[in-house]
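Asks: Below is the file data32.tsv, which contains TSV, C-alpha atoms.
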```
chain	number	residue	atom	x	y	z
A	43	MET	CA	-27.59	-46.66	-11.96
A	44	ARG	CA	-26.49	-43.96	-9.50
A	45	ILE	CA	-28.87	-41.11	-8.80
A	46	SER	CA	-27.33	-37.85	-7.61
A	47	THR	CA	-28.64	-36.54	-4.29
A	48	ASN	CA	-27.47	-33.01	-5.13
A	49	THR	CA	-30.67	-31.10	-5.96
A	50	SER	CA	-29.19	-27.60	-5.83
A	51	ARG	CA	-29.54	-25.38	-8.90
A	52	TRP	CA	-26.87	-23.12	-10.40
A	53	TYR	CA	-28.51	-20.01	-8.94
A	54	ASP	CA	-28.94	-21.36	-5.38
A	55	ARG	CA	-25.54	-20.20	-4.10
A	56	PRO	CA	-25.64	-16.61	-5.42
A	57	TRP	CA	-29.28	-16.39	-4.33
A	58	ALA	CA	-28.26	-17.49	-0.84
A	59	ALA	CA	-25.68	-14.67	-0.82
A	60	PHE	CA	-28.38	-12.09	-1.56
A	61	ILE	CA	-30.52	-13.51	1.25
A	62	PHE	CA	-27.60	-13.64	3.70
A	63	PHE	CA	-26.02	-10.23	3.01
A	64	THR	CA	-29.16	-8.14	2.54
A	65	ARG	CA	-32.46	-7.68	4.33
A	66	LEU	CA	-34.50	-7.69	1.15
A	67	PRO	CA	-37.14	-10.47	0.99
A	68	PHE	CA	-35.38	-12.64	-1.59
A	69	TRP	CA	-36.25	-15.65	0.57
A	70	ARG	CA	-39.94	-15.14	-0.24
A	71	ILE	CA	-39.21	-15.84	-3.90
A	72	HIS	CA	-36.89	-18.81	-3.46
A	73	GLN	CA	-35.25	-20.53	-0.48
A	74	PRO	CA	-31.98	-22.30	-1.39
A	75	PRO	CA	-30.92	-25.50	0.44
A	76	LYS	CA	-28.90	-25.10	3.63
A	77	ASP	CA	-25.59	-26.17	2.09
A	78	ALA	CA	-25.80	-23.25	-0.36
A	79	TYR	CA	-25.10	-20.86	2.53
A	80	GLU	CA	-21.65	-22.36	3.05
A	81	SER	CA	-20.45	-20.51	-0.07
A	82	VAL	CA	-22.16	-17.13	0.40
A	83	VAL	CA	-18.79	-15.36	0.81
A	84	GLU	CA	-17.83	-16.54	-2.69
A	85	PHE	CA	-20.70	-14.44	-4.07
A	86	TRP	CA	-20.45	-11.53	-1.62
A	87	PRO	CA	-19.40	-9.02	-4.35
A	88	LEU	CA	-22.70	-9.67	-6.14
A	89	ALA	CA	-24.48	-8.21	-3.13
A	90	GLY	CA	-22.09	-5.27	-3.52
A	91	TRP	CA	-23.30	-4.81	-7.08
A	92	LEU	CA	-26.80	-4.36	-5.66
A	93	THR	CA	-25.92	-2.04	-2.77
A	94	GLY	CA	-23.31	-0.15	-4.81
A	95	ALA	CA	-25.71	0.43	-7.70
A	96	LEU	CA	-28.38	1.59	-5.26
A	97	MET	CA	-26.01	4.07	-3.63
A	98	GLY	CA	-24.73	5.30	-6.97
A	99	ALA	CA	-28.24	5.86	-8.32
A	100	ILE	CA	-29.34	7.75	-5.20
A	101	ILE	CA	-26.23	9.95	-5.27
A	102	TRP	CA	-26.46	10.73	-8.97
A	103	PHE	CA	-30.21	11.27	-9.33
A	104	GLY	CA	-30.67	12.61	-5.81
A	105	SER	CA	-28.08	15.33	-6.36
A	106	LYS	CA	-30.22	16.63	-9.23
A	107	VAL	CA	-33.01	17.65	-6.87
A	108	LEU	CA	-31.32	17.80	-3.44
A	109	PRO	CA	-28.10	19.27	-2.05
A	110	PHE	CA	-25.21	16.91	-2.76
A	111	SER	CA	-24.54	16.32	0.95
A	112	ILE	CA	-28.17	15.26	1.53
A	113	ALA	CA	-27.98	12.85	-1.42
A	114	ILE	CA	-24.89	11.22	0.11
A	115	LEU	CA	-26.61	10.84	3.48
A	116	ALA	CA	-29.66	9.33	1.75
A	117	ALA	CA	-27.42	6.85	-0.09
A	118	ILE	CA	-25.64	5.81	3.11
A	119	THR	CA	-28.99	5.40	4.87
A	120	ALA	CA	-30.36	3.27	2.03
A	121	ARG	CA	-27.31	1.02	2.18
A	122	LEU	CA	-27.74	0.58	5.94
A	123	LEU	CA	-31.39	-0.37	5.47
A	124	VAL	CA	-30.65	-2.86	2.69
A	125	THR	CA	-27.83	-4.62	4.57
A	126	GLY	CA	-29.32	-4.25	8.05
A	127	ALA	CA	-26.04	-2.58	9.11
A	128	LEU	CA	-24.41	-6.02	8.88
A	129	HIS	CA	-20.97	-4.69	7.93
A	130	GLU	CA	-21.04	-1.82	10.43
A	131	ASP	CA	-21.92	-4.27	13.17
A	132	GLY	CA	-18.86	-6.34	12.28
A	133	LEU	CA	-16.63	-3.26	12.26
A	134	ALA	CA	-17.81	-2.27	15.74
A	135	ASP	CA	-17.24	-5.83	17.04
A	136	PHE	CA	-13.72	-5.81	15.60
A	137	PHE	CA	-12.72	-2.55	17.31
A	138	ASP	CA	-14.41	-3.52	20.55
A	139	GLY	CA	-12.42	-6.75	20.62
A	140	PHE	CA	-9.01	-5.22	19.99
A	141	GLY	CA	-9.76	-2.11	22.03
A	142	GLY	CA	-11.09	-3.82	25.14
A	143	GLY	CA	-9.51	-7.25	24.97
A	144	GLY	CA	-5.90	-6.26	25.61
A	145	LYS	CA	-3.44	-9.02	24.66
A	146	ASP	CA	-5.65	-11.88	25.80
A	147	ARG	CA	-6.73	-13.64	22.60
A	148	SER	CA	-9.60	-15.52	24.21
A	149	ARG	CA	-10.96	-12.28	25.69
A	150	ILE	CA	-10.65	-10.52	22.32
A	151	LEU	CA	-12.70	-13.24	20.64
A	152	ALA	CA	-15.24	-13.26	23.47
A	153	ILE	CA	-15.80	-9.51	23.11
A	154	MET	CA	-16.07	-9.79	19.32
A	155	LYS	CA	-18.74	-12.46	19.65
A	156	ASP	CA	-20.69	-10.36	22.16
A	157	SER	CA	-23.73	-8.73	20.53
A	158	HIS	CA	-23.39	-5.56	22.65
A	159	ILE	CA	-21.48	-2.55	21.35
A	160	GLY	CA	-18.85	-0.83	23.49
A	161	THR	CA	-17.00	2.48	23.52
A	162	PHE	CA	-14.43	1.49	20.91
A	163	GLY	CA	-17.17	0.21	18.63
A	164	VAL	CA	-19.10	3.49	18.86
A	165	LEU	CA	-15.96	5.54	18.18
A	166	SER	CA	-15.04	3.38	15.20
A	167	LEU	CA	-18.47	3.95	13.64
A	168	ILE	CA	-18.26	7.70	14.17
A	169	VAL	CA	-14.85	7.87	12.47
A	170	TYR	CA	-15.96	5.46	9.71
A	171	PHE	CA	-19.08	7.43	8.76
A	172	ALA	CA	-17.27	10.78	9.00
A	173	LEU	CA	-14.54	9.55	6.63
A	174	PHE	CA	-17.09	7.93	4.34
A	175	PHE	CA	-19.14	11.12	4.07
A	176	GLU	CA	-16.17	13.46	3.59
A	177	CYS	CA	-14.52	11.25	0.95
A	178	MET	CA	-17.72	11.00	-1.08
A	179	LEU	CA	-18.39	14.73	-0.70
A	180	SER	CA	-14.95	15.57	-2.09
A	181	LEU	CA	-15.53	13.58	-5.30
A	182	GLY	CA	-18.55	15.36	-6.74
A	183	PRO	CA	-21.80	13.67	-7.84
A	184	LEU	CA	-20.52	11.80	-10.91
A	185	TYR	CA	-17.40	10.26	-9.42
A	186	ALA	CA	-19.07	9.68	-6.05
A	187	ALA	CA	-21.77	7.64	-7.82
A	188	LEU	CA	-19.19	5.68	-9.85
A	189	VAL	CA	-16.97	5.06	-6.84
A	190	ALA	CA	-19.95	3.89	-4.76
A	191	PHE	CA	-20.79	1.28	-7.40
A	192	THR	CA	-17.15	0.27	-7.90
A	193	ALA	CA	-15.88	0.22	-4.33
A	194	ASP	CA	-18.67	-1.85	-2.78
A	195	PRO	CA	-18.02	-5.03	-4.83
A	196	PHE	CA	-14.26	-4.52	-4.60
A	197	CYS	CA	-14.26	-4.18	-0.80
A	198	LYS	CA	-16.46	-7.25	-0.46
A	199	MET	CA	-14.06	-9.18	-2.70
A	200	VAL	CA	-11.15	-8.21	-0.45
A	201	ALA	CA	-13.07	-8.89	2.78
A	202	GLY	CA	-14.22	-12.26	1.48
A	203	GLN	CA	-10.62	-13.45	1.38
A	204	ILE	CA	-10.28	-12.99	5.14
A	205	THR	CA	-12.05	-16.33	5.57
A	206	GLN	CA	-9.12	-17.95	3.75
A	207	ILE	CA	-6.60	-16.53	6.20
A	208	LEU	CA	-8.31	-16.45	9.60
A	209	PRO	CA	-10.41	-19.22	11.18
A	210	TYR	CA	-14.06	-18.46	11.89
A	211	ALA	CA	-14.44	-17.28	15.51
A	212	ARG	CA	-17.72	-19.11	16.11
A	213	THR	CA	-18.72	-22.74	15.87
A	214	GLU	CA	-21.68	-23.70	13.71
A	215	GLU	CA	-23.91	-23.72	16.81
A	216	GLN	CA	-22.72	-20.26	17.92
A	217	ALA	CA	-22.97	-18.63	14.48
A	218	LYS	CA	-25.95	-16.32	14.02
A	219	ALA	CA	-27.00	-18.14	10.83
A	220	HIS	CA	-25.83	-21.55	12.15
A	221	ASN	CA	-23.50	-21.76	9.20
A	222	ILE	CA	-19.71	-21.96	8.67
A	223	TYR	CA	-18.15	-20.74	5.41
A	224	ARG	CA	-16.27	-23.26	3.30
A	225	ARG	CA	-12.78	-22.58	1.91
A	226	PHE	CA	-12.45	-21.48	-1.71
A	227	ASN	CA	-11.27	-23.67	-4.54
A	228	LEU	CA	-9.56	-22.17	-7.61
A	229	THR	CA	-12.82	-21.67	-9.51
A	230	ALA	CA	-14.44	-19.87	-6.58
A	231	GLY	CA	-11.39	-17.64	-6.15
A	232	VAL	CA	-11.36	-16.62	-9.83
A	233	SER	CA	-15.12	-16.03	-9.72
A	234	LEU	CA	-14.72	-13.81	-6.65
A	235	MET	CA	-12.02	-11.78	-8.44
A	236	VAL	CA	-14.17	-11.29	-11.55
A	237	GLN	CA	-17.16	-10.19	-9.48
A	238	GLY	CA	-15.09	-7.68	-7.51
A	239	LEU	CA	-13.03	-6.20	-10.36
A	240	THR	CA	-15.55	-6.00	-13.23
A	241	PRO	CA	-17.21	-2.74	-12.01
A	242	PHE	CA	-13.80	-1.04	-12.32
A	243	ILE	CA	-14.24	-1.10	-16.10
A	244	GLY	CA	-16.88	1.65	-15.98
A	245	LEU	CA	-14.82	3.76	-13.59
A	246	LEU	CA	-11.66	3.42	-15.69
A	247	ILE	CA	-13.51	4.33	-18.89
A	248	SER	CA	-15.00	7.43	-17.26
A	249	MET	CA	-11.60	8.47	-15.92
A	250	LEU	CA	-10.00	8.01	-19.36
A	251	ILE	CA	-12.76	10.04	-20.99
A	252	GLY	CA	-12.36	12.73	-18.35
A	253	ALA	CA	-8.60	12.82	-18.86
A	254	ALA	CA	-9.04	13.07	-22.63
A	255	ASP	CA	-11.48	15.98	-22.25
A	256	PHE	CA	-9.02	17.71	-19.92
```
Translate the structure described by the file into structure tokens.
Replies:
Amino acid sequence: MRISTNTSRWYDRPWAAFIFFTRLPFWRIHQPPKDAYESVVEFWPLAGWLTGALMGAIIWFGSKVLPFSIAILAAITARLLVTGALHEDGLADFFDGFGGGGKDRSRILAIMKDSHIGTFGVLSLIVYFALFFECMLSLGPLYAALVAFTADPFCKMVAGQITQILPYARTEEQAKAHNIYRRFNLTAGVSLMVQGLTPFIGLLISMLIGAADF
């Protein structure tokens, strides 16, 4: 009789995604096996459900007692604390690489893998946060809260597909988590789509209701 050596549980892979993409102490509750981290990108939008819901709640309830602009800044700050500025760090690395690497591909990758931020990285963050703040401010509390919850999973769904197109720049030894993402199969791709698009239901319903009232 064959005995399976796979001891992972159904929740190990999504749980690994929460550990990997946030700085919340999920690892104190349960530590998934190492191979579960190979598929964290497949469950990245679930982390967006958490950070998006947090931002939306802070914007909506915070705007009841604080100026709307302060509520937005508080929501952005909370997101940075929960994720450890993981995404912003990647954005800065990307712009540093293409801004300072010229046309030399190896130099671009070397700069991207460097943990230090450069001029182009700083400028990209300034523009990113300015656009983020102004866009949310223009929506008003209700739609800003809904968009925060909707856009975070959607953007993570889109970004997760980059691993299907571009090779990972680091080897397993060079990676910060000593882990390389696996490629999606059909089931993982459909799951990623469902995770990223489901929050749109609430936004679409609210927009339809708003249009009907108008």
Asks: My list of candidates is A:Ile114, A:Leu66, A:Leu245, A:Val107. Which is closest to Ala172 of chain A when distances are computed with only C-alpha atoms?
Replies: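 Using only C-alpha atoms, the shortest distance to Ala172 of chain A belongs to A:Ile114.
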Asks: Measuring atom to atom with only C-alpha atoms, identify which of A:Ala120, A:Leu165, A:Asp194, A:Thr125 is nearest to Phe137 of chain A.
Replies: A:Leu165
Asks: Using only C-alpha atoms, give me every residue within 7 Å of (-31.2, -13.5, -2.4) in file coordinates, as a compact mmCIF listing (two decimals) with C-alpha atoms, in the frame of the given file.
Replies:
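Saved as result10.txt:
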```
# COMPACT_ATOMS: atom_id res chain seq x y z
CA TRP A 57 -29.28 -16.39 -4.33
CA ALA A 58 -28.26 -17.49 -0.84
CA ALA A 59 -25.68 -14.67 -0.82
CA PHE A 60 -28.38 -12.09 -1.56
CA ILE A 61 -30.52 -13.51 1.25
CA PHE A 68 -35.38 -12.64 -1.59
CA TRP A 69 -36.25 -15.65 0.57
```
Asks: Between A:Ser105, A:Thr64, A:Thr119, A:Thr229, single out the one closest to Phe171 of chain A, counting all atoms listed in the file.
Replies: A:Thr119
Asks: Pick out the residues sitting within 12 Å of Trp91 of chain A, and hand them over as JSON, numbers by chain; count all atoms listed in the file, and ignore anything fewer than 5 positions along from it in its own chain.
Replies: {"A": [59, 60, 63, 64, 85, 86, 96, 97, 98, 99, 121, 188, 189, 190, 191, 192, 193, 194, 195, 196, 197, 198, 199, 237, 238, 239, 240, 241, 242]}
Asks: Might I get the box with edges along x, y and z of the file that holds all atoms of segment 169-183 of chain A listed there, padded by 8 Å on every side, given as centre and edge lengths in Å to one decimal, as JSON?
Replies:
```
{"center_x": -18.2, "center_y": 10.5, "center_z": 2.3, "size_x": 23.3, "size_y": 26.1, "size_z": 36.3}
```
Asks: Could you give me, as a VMD selection string, the residues that sit within 9 Å of (-22.0, 14.5, -9.7) in the file's coordinates, counting only C-alpha atoms?
Replies: chain A and resid 101 to 103 105 to 106 110 181 to 187
Asks: Which is closer to Ile112 of chain A than all the others in A:Thr161, A:Ala89, A:Phe175, A:Asp138, using only C-alpha atoms?
Replies: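 For Ile112 of chain A, the nearest of the candidates is A:Phe175.
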Asks: Tell me, as a list in words, which residues lie within 12 Å of Ala230 of chain A, counting only C-alpha atoms; anything in the same chain fewer than 2 positions away does not count.
Replies: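 So the residues in contact are Arg55, Pro56, Ser81, Val82, Val83, Glu84, Phe85, Trp86, Met199, Gly202, Gln203, Gln206, Arg224, Arg225, Phe226, Asn227, Leu228, Val232, Ser233, Leu234, Met235, Val236 and Gln237 of chain A.
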Asks: Go ahead and compute the interatomic distance for atom CA of Ile243 of chain A and atom CA of Val124 of chain A, in Å to one decimal.
Replies: 25.0 Å
Asks: Counting all atoms listed in the file, which of A:Val200, A:Leu133, A:Leu167, A:Met178 gets nearest to Gly90 of chain A?
Replies: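 Smallest separation from Gly90 of chain A among the options: A:Val200.
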Asks: Hey, which of A:Phe62, A:Phe174, A:Trp52, A:Phe162 ends up closest to Ile118 of chain A? Count all atoms listed in the file.
Replies: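 Using all atoms listed in the file, Ile118 of chain A sits closest to A:Phe174.
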